[in-house]
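For reference, the structure discussed in these notes is given below.
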Amino acid sequence: MRRRAILALARLGARLGGGLGRRLPPGKGFVPVLCYHRVLPDLVEDPEEPLYTLPPEQFESQLALLAREGWRTLSLKEFTAAARGLLPVPPKAVLLTFDDGYADFCRVAWPLARKYGLRLSLFLTTGFVDRPEMLFMARQGYRFCRPEEAGEEIPAPWRDHARRFPELWRPLTWQEVRELHQAGVGLGLHGHTHADLGRLSAAAAAAEVGAGLRFMEEHLGFRPACLALPYGGCASIPRKALSSLTAQGITYIFTTIYGRPRLPGPPPLIPRLLVLQQDTLDDFRRKLTGAYDFLGQLQEWRWRLGLLRFPVTRGGEDSPS
């Protein structure tokens with residue numbers, strides 16, 4: 001019940017006015033950066049075994065809210081330009097990001113975003129792209145296999161869902177990535193093997209990122225300036241390697257530490273707001289307007305004090321889910 005309890009406390013803090021944070025209206029330079037992973041039909045999320053998936057109808061209801069209430073989705077290029085002070089920050093600006101690079105992004109999420117005229121950005125794990133096998137997030141890392149080959153480390157509902165929707169459990173192909181980019185999807189890097197950079201030496205972290213950048217340059221013709229950290233919490237920040245990542249062209253590093261960046265602002269670390277299946281539409285609106293920002297402060301304090309730390313698994317070290 002640990003994750004359920006944390007989620008309930010986070011909701012309570014947000015509903016009481018943002019807990020330790022200060023709820024600020026849009027248009028003050030604060031740009032919520034939302035973090036998604038999967039959009040899958042007919043899969044009910046277990047908070048204790050998080051896959052970070054939303055059903056299409058829930059994702060569409062969030063897109064409809066953004067469109068209805070006048071939110072403008074930024075591209076990654078617009079976001080980084082605004083962060084550098086080269087572009088004014090429009091009122092009610094938001095950045096919608098996806099991690100990993102599963103086929104459900106192009107088959108489910110992107111068509112829904114286009115329906116509402118909204119833009120998405122995708123952080124790719126480059127070593128996954130073009131693999132023909134199904135990709136599962138196991139307890140000790142990612143695993144390529146067929147559902148019948150997966151053991152108890154893969155929850156049974158995921159295996160059953162993969163049997164029903166096999167095309168949604170494979171990674172994207174490079175051809176699909178190129179088509180998405182040509183259609184307007186912003187692209188960044190999510191590592192090459194999804195290794196936790198905070199657990200690597202500075203040299204190994206730089207090599208992991210460098211491999212991903214080379215793959216993107218080879219297959220797409222450019223090296224992105226944005227990196228989304230695998231796992232993404234405070235302990236996953238490669239502090240000793242930051243200068244070497246900057247030297248490779250990485251300007252902004254997106255985390256899963258809760259909060260909204262204020263633009264323009266200094267690089268490199270950008271907070272993001274995880275969107276969960278357990279979120280109501282009111283919870284979603286509260287994340288947009290700052291009521292959940294206090295969680296980032298709690299994550300930082302917990303990391304600095306060495307409290308409540310546990311091994312990185314499917315849920316990530318600093319997830320409140």
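Residues in the structure tokens are named by chain (A, B, ... in the order shown) and by number from 1 within that chain; ligands are numbered from 1 in the order shown.
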Problem - Near-Glu133 of chain A list (6 Å; only C-alpha atoms; drop same-chain fewer than 6 positions) as a VMD selection string - result: chain A and resid 144 to 145 170
Wanna dump the segment 251-305 of chain A-segment 73-86 of chain A contacts at 10 Å for me, each residue with its shortest atom pair and the distance in Å to one decimal, counting only C-alpha atoms, ordered by chain and number, as JSON lines?
```
{"residue": "A:Thr251", "atom": "CA", "partner": "A:Thr80", "partner_atom": "CA", "distance": 8.6}
{"residue": "A:Tyr252", "atom": "CA", "partner": "A:Thr80", "partner_atom": "CA", "distance": 7.7}
{"residue": "A:Pro261", "atom": "CA", "partner": "A:Ala83", "partner_atom": "CA", "distance": 8.9}
{"residue": "A:Arg262", "atom": "CA", "partner": "A:Ala83", "partner_atom": "CA", "distance": 8.0}
{"residue": "A:Leu263", "atom": "CA", "partner": "A:Ala83", "partner_atom": "CA", "distance": 4.9}
{"residue": "A:Pro264", "atom": "CA", "partner": "A:Ala83", "partner_atom": "CA", "distance": 4.1}
{"residue": "A:Gly265", "atom": "CA", "partner": "A:Ala83", "partner_atom": "CA", "distance": 5.3}
{"residue": "A:Pro266", "atom": "CA", "partner": "A:Ala83", "partner_atom": "CA", "distance": 7.2}
{"residue": "A:Pro267", "atom": "CA", "partner": "A:Ala83", "partner_atom": "CA", "distance": 7.9}
```
Generate the output file for the selected residues, N, CA and C atoms, as a CSV table (one decimal), in the first residue's frame.
```csv
chain,number,residue,atom,x,y,z
A,251,THR,N,21.9,20.7,-23.4
A,251,THR,CA,21.7,22.0,-22.8
A,251,THR,C,20.7,21.9,-21.6
A,252,TYR,N,19.6,21.1,-21.8
A,252,TYR,CA,18.6,21.0,-20.8
A,252,TYR,C,18.4,19.5,-20.5
A,261,PRO,N,9.0,24.7,-14.2
A,261,PRO,CA,10.1,25.7,-14.4
A,261,PRO,C,9.6,27.1,-14.7
A,262,ARG,N,10.3,28.1,-14.3
A,262,ARG,CA,10.0,29.4,-14.6
A,262,ARG,C,10.9,29.9,-15.7
A,263,LEU,N,10.3,30.4,-16.8
A,263,LEU,CA,11.1,30.8,-18.0
A,263,LEU,C,11.1,32.3,-18.2
A,264,PRO,N,12.2,32.9,-18.6
A,264,PRO,CA,13.5,32.3,-18.8
A,264,PRO,C,14.1,31.8,-17.5
A,265,GLY,N,15.0,30.9,-17.6
A,265,GLY,CA,15.7,30.3,-16.4
A,265,GLY,C,16.9,29.6,-16.8
A,266,PRO,N,17.8,29.4,-15.8
A,266,PRO,CA,19.1,28.8,-16.1
A,266,PRO,C,19.0,27.3,-16.4
A,267,PRO,N,19.8,26.8,-17.2
A,267,PRO,CA,19.9,25.3,-17.4
A,267,PRO,C,20.7,24.8,-16.2
```
Within 12 Å of segment 197-199 of chain A using only C-alpha atoms, minus same-chain residues under 3 positions, as a CSV table (one decimal) with C-alpha atoms, in the first residue's frame:
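Okay, selection_30.csv is ready:
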```
chain,number,residue,atom,x,y,z
A,190,HIS,CA,16.2,9.3,-23.1
A,191,GLY,CA,19.5,7.5,-23.0
A,192,HIS,CA,20.7,4.7,-25.1
A,193,THR,CA,20.0,1.7,-22.9
A,194,HIS,CA,17.8,3.4,-20.2
A,202,ALA,CA,31.1,10.2,-14.9
A,203,ALA,CA,32.8,8.5,-17.8
A,204,ALA,CA,30.2,5.8,-18.2
A,205,ALA,CA,27.3,8.3,-18.0
A,206,ALA,CA,29.0,10.4,-20.7
A,207,ALA,CA,29.4,7.3,-22.9
A,208,GLU,CA,25.8,6.3,-22.4
A,209,VAL,CA,24.6,9.7,-23.5
A,227,LEU,CA,17.9,14.8,-22.4
A,228,ALA,CA,15.2,13.3,-20.2
A,229,LEU,CA,16.9,11.3,-17.4
A,230,PRO,CA,15.9,7.6,-17.2
A,231,TYR,CA,14.1,7.2,-13.8
A,232,GLY,CA,14.5,10.9,-13.4
A,233,GLY,CA,14.6,11.5,-9.7
A,234,CYS,CA,17.2,13.3,-7.6
A,235,ALA,CA,19.4,10.3,-7.3
A,236,SER,CA,19.4,9.8,-11.0
A,237,ILE,CA,21.0,13.1,-11.8
A,238,PRO,CA,24.6,12.5,-13.1
A,239,ARG,CA,26.1,15.4,-11.1
A,240,LYS,CA,29.7,14.5,-11.8
A,241,ALA,CA,29.0,14.1,-15.5
A,242,LEU,CA,27.1,17.4,-16.1
A,245,LEU,CA,27.1,16.2,-21.1
A,253,ILE,CA,18.1,17.9,-18.7
A,255,THR,CA,13.8,15.1,-14.6
A,311,PRO,CA,16.3,0.7,-5.2
A,312,VAL,CA,15.3,2.0,-8.6
A,317,GLU,CA,13.2,6.3,-7.1
```
Handout entry: Option closest in space to Arg119 of chain A, from A:Gly13, A:Pro132, A:Pro155, A:Gly184 [counting only C-alpha atoms]
Key = A:Gly184
Problem - Pick from A:Trp110, A:Gly117, A:Arg38, A:Trp301, whichever lies nearest to Arg72 of chain A using only C-alpha atoms - result: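 Once distances to Arg72 of chain A are computed over only C-alpha atoms, the minimum belongs to A:Gly117.
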Problem - 9 Å contact set for segment 52-67 of chain A, only C-alpha atoms, chain neighbours under 2 positions out, as a PyMOL selection string - result: chain A and resi 36-45+47+50+69-73+94+108-109+112-113+116-118+274-278+280-281+284-285+315
Practice task
Name the residues of segment 76-298 of chain A that come out as strand (DSSP E or B) in a backbone DSSP run; write them as a ChimeraX atom specification.
Solution key: /A:93-100,102,121-124,135-138,141-144,171,186-189,226-228,252-254,262,269-270,273-274
Problem - segment 175-272 of chain A: residues DSSP assigns to alpha helix (DSSP H), reported as a VMD selection string - result: chain A and resid 175 to 182 202 to 220 242 to 247
Completion exercise
The distance between atom CA of Thr173 of chain A and atom CA of Arg131 of chain A is 7.5 Å
Handout entry: For atom CA of Glu300 of chain A and atom CA of Val89 of chain A, the interatomic separation in Å (one decimal)
Key =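 That distance, rounded to one decimal, is 26.7 Å.
Comparing the minimum interatomic distances between Arg114 of chain A and each of A:Leu180, A:Leu288, A:Leu168, A:Leu187, counting only C-alpha atoms, we find that A:Leu180 sits nearest.
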Practice task
Can you pull out every residue within 12 Å of segment 124-130 of chain A, counting only C-alpha atoms, but drop anything in the same chain fewer than 5 positions away, and send it as an NGL selection string?
Solution key: :A and (37 or 97-103 or 105 or 135-136 or 142-144 or 169-178 or 181 or 185-195 or 208-220 or 224 or 226-230)
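For the residues A:Arg272, A:Arg302, A:Arg146, A:Arg159, ranking by smallest atom-to-atom distance to Phe254 of chain A using only C-alpha atoms places A:Arg272 first.
Each of A:Leu51, A:Leu16, A:Ile257, A:Ile270 was compared to Gln297 of chain A using only C-alpha atoms, and A:Ile257 turns out to be the nearest.
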Handout entry: Residue nearest Pro88 of chain A among A:Pro111, A:Gly141, A:Gly29, A:Pro271 (counting only C-alpha atoms)
Key =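 Checking each of A:Pro111, A:Gly141, A:Gly29, A:Pro271 against Pro88 of chain A, counting only C-alpha atoms, the winner is A:Gly29.
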